[in-house]
file structure-v7.cif (mmCIF, C-alpha atoms)
data_run
#
loop_
_atom_site.group_PDB
_atom_site.id
_atom_site.type_symbol
_atom_site.label_atom_id
_atom_site.label_comp_id
_atom_site.auth_asym_id
_atom_site.auth_seq_id
_atom_site.Cartn_x
_atom_site.Cartn_y
_atom_site.Cartn_z
ATOM 1 C CA MET A 1 98.197 128.122 131.246
ATOM 2 C CA GLU A 2 99.371 126.866 127.874
ATOM 3 C CA LYS A 3 100.969 129.491 125.660
ATOM 4 C CA ILE A 4 98.733 130.859 122.923
ATOM 5 C CA LYS A 5 99.654 129.223 119.631
ATOM 6 C CA VAL A 6 98.141 131.605 117.077
ATOM 7 C CA SER A 7 97.095 135.262 117.199
ATOM 8 C CA ILE A 8 94.565 136.122 114.497
ATOM 9 C CA ILE A 9 94.500 139.853 113.729
ATOM 10 C CA VAL A 10 91.373 141.356 112.166
ATOM 11 C CA PRO A 11 91.224 145.064 111.203
ATOM 12 C CA VAL A 12 87.572 146.147 111.113
ATOM 13 C CA TYR A 13 86.162 149.221 109.429
ATOM 14 C CA ASN A 14 82.454 149.297 108.564
ATOM 15 C CA GLY A 15 82.460 145.546 108.034
ATOM 16 C CA GLU A 16 78.965 144.706 109.260
ATOM 17 C CA ALA A 17 77.918 143.025 105.993
ATOM 18 C CA PHE A 18 80.382 140.138 106.299
ATOM 19 C CA LEU A 19 81.830 140.399 109.811
ATOM 20 C CA GLU A 20 79.720 137.663 111.397
ATOM 21 C CA GLU A 21 80.749 135.119 108.770
ATOM 22 C CA CYS A 22 84.371 136.112 109.341
ATOM 23 C CA LEU A 23 84.140 135.783 113.127
ATOM 24 C CA ASP A 24 82.246 132.479 112.914
ATOM 25 C CA SER A 25 85.116 131.018 110.904
ATOM 26 C CA LEU A 26 87.584 132.167 113.577
ATOM 27 C CA VAL A 27 85.821 131.102 116.774
ATOM 28 C CA ASN A 28 85.161 127.692 115.221
ATOM 29 C CA GLN A 29 88.802 126.941 114.465
ATOM 30 C CA THR A 30 89.751 123.367 115.386
ATOM 31 C CA LEU A 31 92.805 124.797 117.139
ATOM 32 C CA LYS A 32 91.303 126.207 120.321
ATOM 33 C CA ASN A 33 94.357 127.808 121.899
ATOM 34 C CA ILE A 34 94.174 130.989 119.853
ATOM 35 C CA GLU A 35 93.391 134.652 120.395
ATOM 36 C CA ILE A 36 91.387 136.814 117.998
ATOM 37 C CA ILE A 37 92.492 140.448 118.087
ATOM 38 C CA CYS A 38 89.941 142.738 116.425
ATOM 39 C CA ILE A 39 90.843 146.369 115.849
ATOM 40 C CA ASN A 40 87.785 148.556 115.349
ATOM 41 C CA ASP A 41 88.992 151.398 113.154
ATOM 42 C CA ALA A 42 86.325 153.945 114.165
ATOM 43 C CA SER A 43 83.531 152.130 112.329
ATOM 44 C CA THR A 44 80.318 154.075 111.853
ATOM 45 C CA ASP A 45 78.088 151.045 111.218
ATOM 46 C CA LYS A 46 77.199 148.123 113.522
ATOM 47 C CA SER A 47 80.676 146.544 113.438
ATOM 48 C CA LEU A 48 81.561 147.419 117.052
ATOM 49 C CA LYS A 49 78.229 146.083 118.310
ATOM 50 C CA ILE A 50 78.827 142.803 116.470
ATOM 51 C CA LEU A 51 82.326 142.542 117.956
ATOM 52 C CA GLN A 52 81.005 143.152 121.452
ATOM 53 C CA GLU A 53 78.328 140.487 121.058
ATOM 54 C CA TYR A 54 80.910 137.929 119.948
ATOM 55 C CA HIS A 55 83.239 138.916 122.791
ATOM 56 C CA LYS A 56 80.496 138.164 125.305
ATOM 57 C CA ARG A 57 80.203 134.659 123.899
ATOM 58 C CA ASP A 58 83.925 134.003 123.430
ATOM 59 C CA SER A 59 86.565 135.612 125.639
ATOM 60 C CA ARG A 60 89.298 134.765 123.128
ATOM 61 C CA ILE A 61 88.062 137.766 121.136
ATOM 62 C CA LYS A 62 89.861 140.954 122.153
ATOM 63 C CA ILE A 63 88.623 144.329 120.949
ATOM 64 C CA LEU A 64 90.952 147.275 120.402
ATOM 65 C CA SER A 65 89.624 150.613 119.171
ATOM 66 C CA ASN A 66 91.215 153.438 117.215
ATOM 67 C CA PRO A 67 90.103 156.956 118.249
ATOM 68 C CA TYR A 68 89.565 157.837 114.575
ATOM 69 C CA ASN A 69 89.883 156.048 111.246
ATOM 70 C CA MET A 70 93.605 155.303 110.977
ATOM 71 C CA GLY A 71 93.675 152.701 108.199
ATOM 72 C CA GLN A 72 94.655 149.057 107.949
ATOM 73 C CA PRO A 73 98.434 149.481 108.373
ATOM 74 C CA THR A 74 98.067 151.175 111.773
ATOM 75 C CA SER A 75 95.392 148.697 112.863
ATOM 76 C CA ARG A 76 97.517 145.710 111.916
ATOM 77 C CA ASN A 77 100.509 147.179 113.741
ATOM 78 C CA LYS A 78 98.382 147.471 116.880
ATOM 79 C CA GLY A 79 97.484 143.832 116.491
ATOM 80 C CA ILE A 80 101.121 142.785 116.121
ATOM 81 C CA MET A 81 102.055 144.678 119.300
ATOM 82 C CA GLU A 82 99.231 143.010 121.244
ATOM 83 C CA ALA A 83 99.802 139.504 119.871
ATOM 84 C CA ASN A 84 100.817 136.817 122.361
ATOM 85 C CA GLY A 85 100.731 133.839 119.992
ATOM 86 C CA LYS A 86 103.733 131.970 118.650
ATOM 87 C CA TYR A 87 102.367 132.663 115.172
ATOM 88 C CA ILE A 88 100.422 135.550 113.667
ATOM 89 C CA GLN A 89 97.741 135.396 111.009
ATOM 90 C CA PHE A 90 95.866 138.285 109.369
ATOM 91 C CA VAL A 91 92.255 137.999 108.250
ATOM 92 C CA ASP A 92 90.256 140.828 106.666
ATOM 93 C CA ALA A 93 86.791 141.446 108.083
ATOM 94 C CA ASP A 94 85.037 140.646 104.796
ATOM 95 C CA ASP A 95 86.863 137.331 104.330
ATOM 96 C CA TYR A 96 86.891 134.007 106.177
ATOM 97 C CA ILE A 97 89.084 130.917 106.600
ATOM 98 C CA GLU A 98 88.596 127.158 106.721
ATOM 99 C CA LYS A 99 88.053 125.801 110.228
ATOM 100 C CA GLU A 100 91.287 123.761 110.191
ATOM 101 C CA THR A 101 93.462 126.642 108.973
ATOM 102 C CA SER A 102 95.199 127.650 112.204
ATOM 103 C CA LYS A 103 95.848 124.059 113.307
ATOM 104 C CA ALA A 104 97.161 122.887 109.944
ATOM 105 C CA LEU A 105 99.428 125.891 109.389
ATOM 106 C CA PHE A 106 100.684 125.829 112.986
ATOM 107 C CA GLU A 107 101.717 122.179 112.651
ATOM 108 C CA PHE A 108 103.251 122.716 109.199
ATOM 109 C CA ALA A 109 105.223 125.782 110.328
ATOM 110 C CA GLU A 110 106.416 123.989 113.475
ATOM 111 C CA GLU A 111 107.554 120.966 111.480
ATOM 112 C CA LYS A 112 109.555 123.091 109.039
ATOM 113 C CA LYS A 113 110.661 125.725 111.590
ATOM 114 C CA ALA A 114 109.321 128.365 109.217
ATOM 115 C CA ASP A 115 109.461 132.145 109.455
ATOM 116 C CA MET A 116 106.667 132.436 106.896
ATOM 117 C CA CYS A 117 104.161 130.004 105.438
ATOM 118 C CA TYR A 118 102.183 130.870 102.312
ATOM 119 C CA MET A 119 98.715 129.440 101.741
ATOM 120 C CA GLY A 120 96.353 129.266 98.781
ATOM 121 C CA MET A 121 93.000 131.002 98.601
ATOM 122 C CA GLU A 122 89.557 130.564 97.139
ATOM 123 C CA ILE A 123 88.268 133.702 95.433
ATOM 124 C CA HIS A 124 84.604 134.644 95.642
ATOM 125 C CA ILE A 125 83.608 137.260 93.074
ATOM 126 C CA GLU A 126 80.343 139.115 93.409
ATOM 127 C CA GLU A 127 78.295 139.901 90.328
ATOM 128 C CA GLY A 128 79.283 143.077 88.551
ATOM 129 C CA VAL A 129 82.953 143.063 89.562
ATOM 130 C CA ASP A 130 85.537 143.640 86.836
ATOM 131 C CA ILE A 131 87.356 140.315 86.587
ATOM 132 C CA LYS A 132 90.605 142.106 85.608
ATOM 133 C CA ALA A 133 90.808 143.601 89.087
ATOM 134 C CA VAL A 134 90.722 140.200 90.797
ATOM 135 C CA PRO A 135 93.952 138.670 92.150
ATOM 136 C CA HIS A 136 94.888 135.040 91.759
ATOM 137 C CA SER A 137 95.896 132.316 94.155
ATOM 138 C CA ILE A 138 99.168 130.428 94.266
ATOM 139 C CA CYS A 139 98.626 127.430 92.003
ATOM 140 C CA GLY A 140 102.149 126.083 91.531
ATOM 141 C CA LYS A 141 103.839 123.470 93.691
ATOM 142 C CA TYR A 142 106.599 124.715 95.974
ATOM 143 C CA PRO A 143 107.675 121.693 98.022
ATOM 144 C CA ASN A 144 110.959 122.974 99.443
ATOM 145 C CA VAL A 145 112.029 125.255 102.261
ATOM 146 C CA TYR A 146 113.252 128.483 100.636
ATOM 147 C CA THR A 147 114.926 131.643 101.752
ATOM 148 C CA GLY A 148 112.586 134.585 101.334
ATOM 149 C CA LYS A 149 114.613 136.045 98.479
ATOM 150 C CA GLU A 150 114.664 132.725 96.644
ATOM 151 C CA LEU A 151 110.906 132.332 96.848
ATOM 152 C CA LEU A 152 110.316 135.967 95.875
ATOM 153 C CA GLN A 153 112.168 135.477 92.608
ATOM 154 C CA ILE A 154 110.528 132.120 91.904
ATOM 155 C CA LEU A 155 107.019 133.505 92.496
ATOM 156 C CA ILE A 156 107.716 136.478 90.207
ATOM 157 C CA GLU A 157 109.101 134.233 87.479
ATOM 158 C CA ASN A 158 105.972 132.065 87.768
ATOM 159 C CA LYS A 159 103.735 135.181 87.834
ATOM 160 C CA GLU A 160 102.372 134.130 91.226
ATOM 161 C CA PHE A 161 103.686 136.901 93.428
ATOM 162 C CA PHE A 162 101.205 139.225 95.126
ATOM 163 C CA TYR A 163 101.272 141.628 98.070
ATOM 164 C CA TYR A 164 98.361 140.331 100.154
ATOM 165 C CA THR A 165 99.587 139.960 103.703
ATOM 166 C CA TRP A 166 96.755 137.672 104.761
ATOM 167 C CA SER A 167 98.088 135.042 102.362
ATOM 168 C CA VAL A 168 100.933 134.299 104.799
ATOM 169 C CA PHE A 169 101.144 132.712 108.269
ATOM 170 C CA TYR A 170 103.990 134.389 110.209
ATOM 171 C CA ASN A 171 106.254 133.377 113.071
ATOM 172 C CA SER A 172 105.681 136.074 115.684
ATOM 173 C CA SER A 173 109.305 136.123 116.880
ATOM 174 C CA PHE A 174 110.436 136.567 113.278
ATOM 175 C CA LEU A 175 108.230 139.643 112.801
ATOM 176 C CA LYS A 176 109.008 141.255 116.135
ATOM 177 C CA GLY A 177 112.703 140.345 116.126
ATOM 178 C CA ASN A 178 113.163 142.020 112.740
ATOM 179 C CA GLU A 179 110.876 144.952 113.639
ATOM 180 C CA LEU A 180 108.682 144.149 110.653
ATOM 181 C CA VAL A 181 105.616 146.358 110.810
ATOM 182 C CA TYR A 182 103.395 148.085 108.284
ATOM 183 C CA ARG A 183 104.660 151.398 107.034
ATOM 184 C CA GLU A 184 102.338 154.241 106.197
ATOM 185 C CA LEU A 185 102.615 155.282 102.573
ATOM 186 C CA VAL A 186 101.016 158.258 100.839
ATOM 187 C CA CYS A 187 98.359 155.901 99.559
ATOM 188 C CA GLY A 188 97.656 152.183 99.720
ATOM 189 C CA GLN A 189 97.496 149.475 102.360
ATOM 190 C CA GLY A 190 101.130 149.007 103.339
ATOM 191 C CA GLY A 191 101.852 146.719 100.400
ATOM 192 C CA ASN A 192 105.605 146.879 101.017
ATOM 193 C CA PHE A 193 105.225 144.557 104.024
ATOM 194 C CA ILE A 194 105.539 141.249 102.146
ATOM 195 C CA PRO A 195 108.742 142.146 100.201
ATOM 196 C CA ARG A 196 110.425 143.399 103.386
ATOM 197 C CA CYS A 197 109.458 140.199 105.207
ATOM 198 C CA LEU A 198 110.804 138.054 102.390
ATOM 199 C CA CYS A 199 114.109 139.950 102.447
ATOM 200 C CA ARG A 200 114.586 138.918 106.082
ATOM 201 C CA ALA A 201 113.113 135.408 106.086
ATOM 202 C CA LYS A 202 115.513 132.458 106.263
ATOM 203 C CA ARG A 203 112.881 129.724 106.006
ATOM 204 C CA VAL A 204 109.706 130.105 103.917
ATOM 205 C CA ILE A 205 107.300 127.325 102.973
ATOM 206 C CA VAL A 206 104.147 127.058 100.867
ATOM 207 C CA SER A 207 101.048 125.030 101.681
ATOM 208 C CA ASP A 208 99.197 123.450 98.763
ATOM 209 C CA ASN A 209 95.854 123.946 100.498
ATOM 210 C CA LYS A 210 93.454 126.820 99.870
ATOM 211 C CA TYR A 211 92.585 127.845 103.411
ATOM 212 C CA TYR A 212 91.731 131.500 102.855
ATOM 213 C CA HIS A 213 88.450 132.698 101.308
ATOM 214 C CA TYR A 214 88.898 136.091 99.678
ATOM 215 C CA ARG A 215 85.748 137.987 98.830
ATOM 216 C CA VAL A 216 85.816 140.516 95.996
ATOM 217 C CA HIS A 217 82.918 142.953 95.933
ATOM 218 C CA ASN A 218 82.264 146.388 94.505
ATOM 219 C CA THR A 219 83.052 148.182 97.767
ATOM 220 C CA SER A 220 86.453 146.476 97.944
ATOM 221 C CA ILE A 221 87.617 147.631 94.504
ATOM 222 C CA THR A 222 87.955 151.192 93.297
ATOM 223 C CA HIS A 223 86.671 151.912 89.794
ATOM 224 C CA SER A 224 86.573 155.693 89.405
ATOM 225 C CA GLU A 225 89.213 157.579 87.430
ATOM 226 C CA LYS A 226 90.233 159.477 90.559
ATOM 227 C CA ALA A 227 90.526 156.252 92.537
ATOM 228 C CA GLN A 228 92.719 154.724 89.841
ATOM 229 C CA LYS A 229 95.084 157.720 90.049
ATOM 230 C CA GLU A 230 95.247 157.305 93.814
ATOM 231 C CA LEU A 231 96.019 153.629 93.338
ATOM 232 C CA LEU A 232 98.800 154.458 90.883
ATOM 233 C CA LEU A 233 100.255 156.973 93.344
ATOM 234 C CA GLY A 234 100.222 154.280 96.026
ATOM 235 C CA LYS A 235 102.028 151.843 93.722
ATOM 236 C CA ILE A 236 104.672 154.421 92.834
ATOM 237 C CA MET A 237 105.300 155.235 96.477
ATOM 238 C CA ARG A 238 105.496 151.525 97.287
ATOM 239 C CA TYR A 239 108.098 151.118 94.544
ATOM 240 C CA VAL A 240 110.116 154.063 95.906
ATOM 241 C CA ASP A 241 109.909 152.710 99.447
ATOM 242 C CA ILE A 242 111.033 149.222 98.441
ATOM 243 C CA LEU A 243 113.793 150.681 96.265
ATOM 244 C CA GLN A 244 115.166 152.521 99.290
ATOM 245 C CA PHE A 245 114.831 149.431 101.443
ATOM 246 C CA PHE A 246 116.669 147.236 98.941
ATOM 247 C CA ALA A 247 119.417 149.847 98.512
ATOM 248 C CA ASN A 248 120.496 149.116 102.094
ATOM 249 C CA ASP A 249 120.633 145.366 101.453
ATOM 250 C CA GLU A 250 124.078 143.963 100.790
ATOM 251 C CA ASN A 251 122.557 141.309 98.518
ATOM 252 C CA ALA A 252 120.264 143.671 96.624
ATOM 253 C CA SER A 253 121.421 142.225 93.283
ATOM 254 C CA GLU A 254 119.350 139.119 94.038
ATOM 255 C CA LEU A 255 116.227 141.291 93.983
ATOM 256 C CA GLU A 256 116.770 142.858 90.573
ATOM 257 C CA ILE A 257 114.033 140.779 88.957
ATOM 258 C CA PHE A 258 111.506 142.064 91.492
ATOM 259 C CA LEU A 259 112.358 145.701 90.823
ATOM 260 C CA ASN A 260 112.299 145.148 87.059
ATOM 261 C CA GLU A 261 108.871 143.511 87.121
ATOM 262 C CA THR A 262 107.466 146.249 89.356
ATOM 263 C CA TYR A 263 108.921 148.875 87.038
ATOM 264 C CA LYS A 264 107.218 147.326 83.992
ATOM 265 C CA LYS A 265 103.823 147.458 85.703
ATOM 266 C CA LEU A 266 104.278 151.082 86.736
ATOM 267 C CA ILE A 267 105.237 152.260 83.258
ATOM 268 C CA GLY A 268 101.915 151.053 81.838
ATOM 269 C CA GLY A 269 99.954 153.174 84.317
ATOM 270 C CA ILE A 270 102.197 156.209 83.898
ATOM 271 C CA GLN A 271 101.831 156.149 80.118
ATOM 272 C CA ASN A 272 98.086 156.707 80.557
ATOM 273 C CA LEU A 273 98.653 159.986 82.430
ATOM 274 C CA THR A 274 98.417 163.391 80.837
ATOM 275 C CA TYR A 275 101.240 165.871 81.324
ATOM 276 C CA ASN A 276 99.180 167.842 83.861
ATOM 277 C CA GLU A 277 98.383 164.667 85.792
ATOM 278 C CA THR A 278 102.088 163.819 86.080
ATOM 279 C CA ILE A 279 102.793 167.289 87.491
ATOM 280 C CA GLU A 280 99.946 166.859 89.970
ATOM 281 C CA LEU A 281 101.270 163.483 91.157
ATOM 282 C CA LYS A 282 104.853 164.729 91.327
ATOM 283 C CA ASN A 283 103.791 167.592 93.589
ATOM 284 C CA ARG A 284 102.304 165.047 95.994
ATOM 285 C CA MET A 285 105.558 163.102 96.352
ATOM 286 C CA PRO A 286 106.783 163.430 99.969
ATOM 287 C CA SER A 287 110.534 163.635 99.261
ATOM 288 C CA ASP A 288 113.040 164.812 96.665
ATOM 289 C CA PHE A 289 114.126 161.185 96.173
ATOM 290 C CA ALA A 290 110.547 160.125 95.377
ATOM 291 C CA LYS A 291 110.172 163.030 92.947
ATOM 292 C CA HIS A 292 113.450 162.062 91.262
ATOM 293 C CA ILE A 293 112.381 158.421 90.811
ATOM 294 C CA PHE A 294 108.979 159.528 89.485
ATOM 295 C CA HIS A 295 110.684 161.874 87.005
ATOM 296 C CA ILE A 296 112.798 158.961 85.722
ATOM 297 C CA LEU A 297 109.712 156.763 85.388
ATOM 298 C CA CYS A 298 107.906 159.465 83.435
ATOM 299 C CA LYS A 299 110.834 159.887 81.050
ATOM 300 C CA LYS A 300 111.013 156.116 80.547
ATOM 301 C CA GLY A 301 107.293 156.110 79.848
ATOM 302 C CA GLN A 302 107.799 159.007 77.447
ATOM 303 C CA VAL A 303 105.240 161.131 79.275
ATOM 304 C CA TYR A 304 107.515 164.146 79.003
ATOM 305 C CA ASP A 305 111.105 164.919 78.025
#
call {"tool": "encode", "arguments": {"input": "structure-v7.cif", "output": "structure tokens"}}
result
Amino acid sequence: MEKIKVSIIVPVYNGEAFLEECLDSLVNQTLKNIEIICINDASTDKSLKILQEYHKRDSRIKILSNPYNMGQPTSRNKGIMEANGKYIQFVDADDYIEKETSKALFEFAEEKKADMCYMGMEIHIEEGVDIKAVPHSICGKYPNVYTGKELLQILIENKEFFYYTWSVFYNSSFLKGNELVYRELVCGQGGNFIPRCLCRAKRVIVSDNKYYHYRVHNTSITHSEKAQKELLLGKIMRYVDILQFFANDENASELEIFLNETYKKLIGGIQNLTYNETIELKNRMPSDFAKHIFHILCKKGQVYD
């Protein structure tokens, strides 16, 4: 039997509204030698039933189940462990991809011997969504083969860097050989994954094509004041985690621009906190190092002396 070329990993939690459209885009890929690994994260709606119906029609769909809701990072890690394909692609259950995506990216990555291949995306915004909360796609032209660190700096300078892991097509051996998995943070969706991958990647390429369709709807974006504080906490912990990761890198000086840009974005959110809110967030920091970094950020933001 021919080796599986692409493993598509789909975390699913209460995704019944858009799941069928997502799965249709996957089973209809022009590249047929793929596997579709769906991780049901203890959904309470009809998601599991939909997955089971699709599995009956297409044996390439594999269903894994979490015993309780464990979040996207854990679900994606399960998918990575189960993946048999030469390449790995992540798709969220409320999104979908063009039918030629896997074939085109597989051939492009093979040609360039890439560890990572970025792709563009089309963004679909539902009515009533705050446009400021919507990400952007890569619009610039990046024709070369880059090291991960080179591309990281270029994307930041061009204001085109973002953390979305489904925007990249990964070589499976690269991920597993470097033990690159999602790390659980206090809050957030494991957004440190992309920077850590880029720190290890020797060959990264960018496709000009917009293969990924990203849907933005009210249930995918948090608007409440409490949710915004949780989001800020997640960003701070991501910054701390990446700071620690980079500190162990012998070429960390190359990544200074990334840390500086992240710092600037954090300061804006911290300056909107009250004194009591800073104390509350500090008490939730899981380590003395995290509390120390947060204290420095607060002083820089002139939240307290």
call {"tool": "residues_around", "arguments": {"input": "structure-v7.cif", "residues": "Ala83 of chain A", "least_positions_apart": "2", "cutoff": "9 Å", "atoms": "all atoms listed in the file", "output": "MDAnalysis selection string"}}
result
chainID A and resid 6:9 35 37 78:81 85:88 172
call {"tool": "atom_distance", "arguments": {"input": "structure-v7.cif", "atom1": "atom CA of Asp94 of chain A", "atom2": "atom CA of Glu127 of chain A"}}
result
16.0 Å
call {"tool": "closest_residue", "arguments": {"input": "structure-v7.cif", "among": "A:Glu111, A:Asp208, A:Asp58, A:Glu82", "to": "Gly140 of chain A", "atoms": "only C-alpha atoms"}}
result
A:Asp208
call {"tool": "residues_around", "arguments": {"input": "structure-v7.cif", "residues": "Cys298 of chain A", "least_positions_apart": "3", "cutoff": "12 Å", "atoms": "all atoms listed in the file", "output": "list in words"}}
result
Ile236, Tyr263, Leu266, Ile267, Gly268, Gly269, Ile270, Gln271, Asn272, Leu273, Thr274, Tyr275, Glu277, Thr278, Ile279, Leu281, Lys282, Lys291, His292, Ile293, Phe294, His295, Gly301, Gln302, Val303, Tyr304 and Asp305 of chain A
call {"tool": "atom_distance", "arguments": {"input": "structure-v7.cif", "atom1": "atom CA of Leu105 of chain A", "atom2": "atom CA of Ser207 of chain A"}}
result
7.9 Å
call {"tool": "residues_near_point", "arguments": {"input": "structure-v7.cif", "point": "(84.7, 133.9, 119.3)", "cutoff": "10 Å", "atoms": "all atoms listed in the file", "output": "short mmCIF file (atom, residue, chain, number, x, y, z; two decimals) with C-alpha atoms, keeping the file's coordinate frame"}}
result
data_model
loop_
_atom_site.label_atom_id
_atom_site.label_comp_id
_atom_site.auth_asym_id
_atom_site.auth_seq_id
_atom_site.Cartn_x
_atom_site.Cartn_y
_atom_site.Cartn_z
CA LEU A 23 84.14 135.78 113.13
CA ASP A 24 82.25 132.48 112.91
CA SER A 25 85.12 131.02 110.90
CA LEU A 26 87.58 132.17 113.58
CA VAL A 27 85.82 131.10 116.77
CA ASN A 28 85.16 127.69 115.22
CA GLN A 29 88.80 126.94 114.46
CA ILE A 34 94.17 130.99 119.85
CA GLU A 35 93.39 134.65 120.40
CA ILE A 36 91.39 136.81 118.00
CA LEU A 51 82.33 142.54 117.96
CA GLU A 53 78.33 140.49 121.06
CA TYR A 54 80.91 137.93 119.95
CA HIS A 55 83.24 138.92 122.79
CA LYS A 56 80.50 138.16 125.30
CA ARG A 57 80.20 134.66 123.90
CA ASP A 58 83.92 134.00 123.43
CA SER A 59 86.56 135.61 125.64
CA ARG A 60 89.30 134.76 123.13
CA ILE A 61 88.06 137.77 121.14
CA LYS A 62 89.86 140.95 122.15
#
call {"tool": "resolve_selection", "arguments": {"input": "structure-v7.cif", "expression": "the PyMOL selection byres ((chain A and resi 30) around 9)", "output": "list in words"}}
result
Val27, Asn28, Gln29, Leu31, Lys32, Lys99, Glu100, Thr101, Ser102 and Lys103 of chain A
call {"tool": "resolve_selection", "arguments": {"input": "structure-v7.cif", "expression": "the PyMOL selection byres ((chain A and resi 200) around 9)", "output": "PDB file with C-alpha atoms, in the frame of the given file"}}
result
ATOM      1  CA  THR A 147     114.926 131.643 101.752  1.00  0.00           C
ATOM      2  CA  GLY A 148     112.586 134.585 101.334  1.00  0.00           C
ATOM      3  CA  LYS A 149     114.613 136.045  98.479  1.00  0.00           C
ATOM      4  CA  PHE A 174     110.436 136.567 113.278  1.00  0.00           C
ATOM      5  CA  ASN A 178     113.163 142.020 112.740  1.00  0.00           C
ATOM      6  CA  PRO A 195     108.742 142.146 100.201  1.00  0.00           C
ATOM      7  CA  ARG A 196     110.425 143.399 103.386  1.00  0.00           C
ATOM      8  CA  CYS A 197     109.458 140.199 105.207  1.00  0.00           C
ATOM      9  CA  LEU A 198     110.804 138.054 102.390  1.00  0.00           C
ATOM     10  CA  CYS A 199     114.109 139.950 102.447  1.00  0.00           C
ATOM     11  CA  ALA A 201     113.113 135.408 106.086  1.00  0.00           C
ATOM     12  CA  LYS A 202     115.513 132.458 106.263  1.00  0.00           C
TER      13      LYS A 202
END
call {"tool": "resolve_selection", "arguments": {"input": "structure-v7.cif", "expression": "the PyMOL selection byres ((chain A and resi 110) around 12)", "output": "list of chain:residue names"}}
result
A:Lys5, A:Val6, A:Lys86, A:Tyr87, A:Ser102, A:Lys103, A:Ala104, A:Leu105, A:Phe106, A:Glu107, A:Phe108, A:Ala109, A:Glu111, A:Lys112, A:Lys113, A:Ala114, A:Asp115, A:Met116, A:Cys117, A:Phe169, A:Tyr170, A:Asn171, A:Arg203, A:Val204, A:Ile205
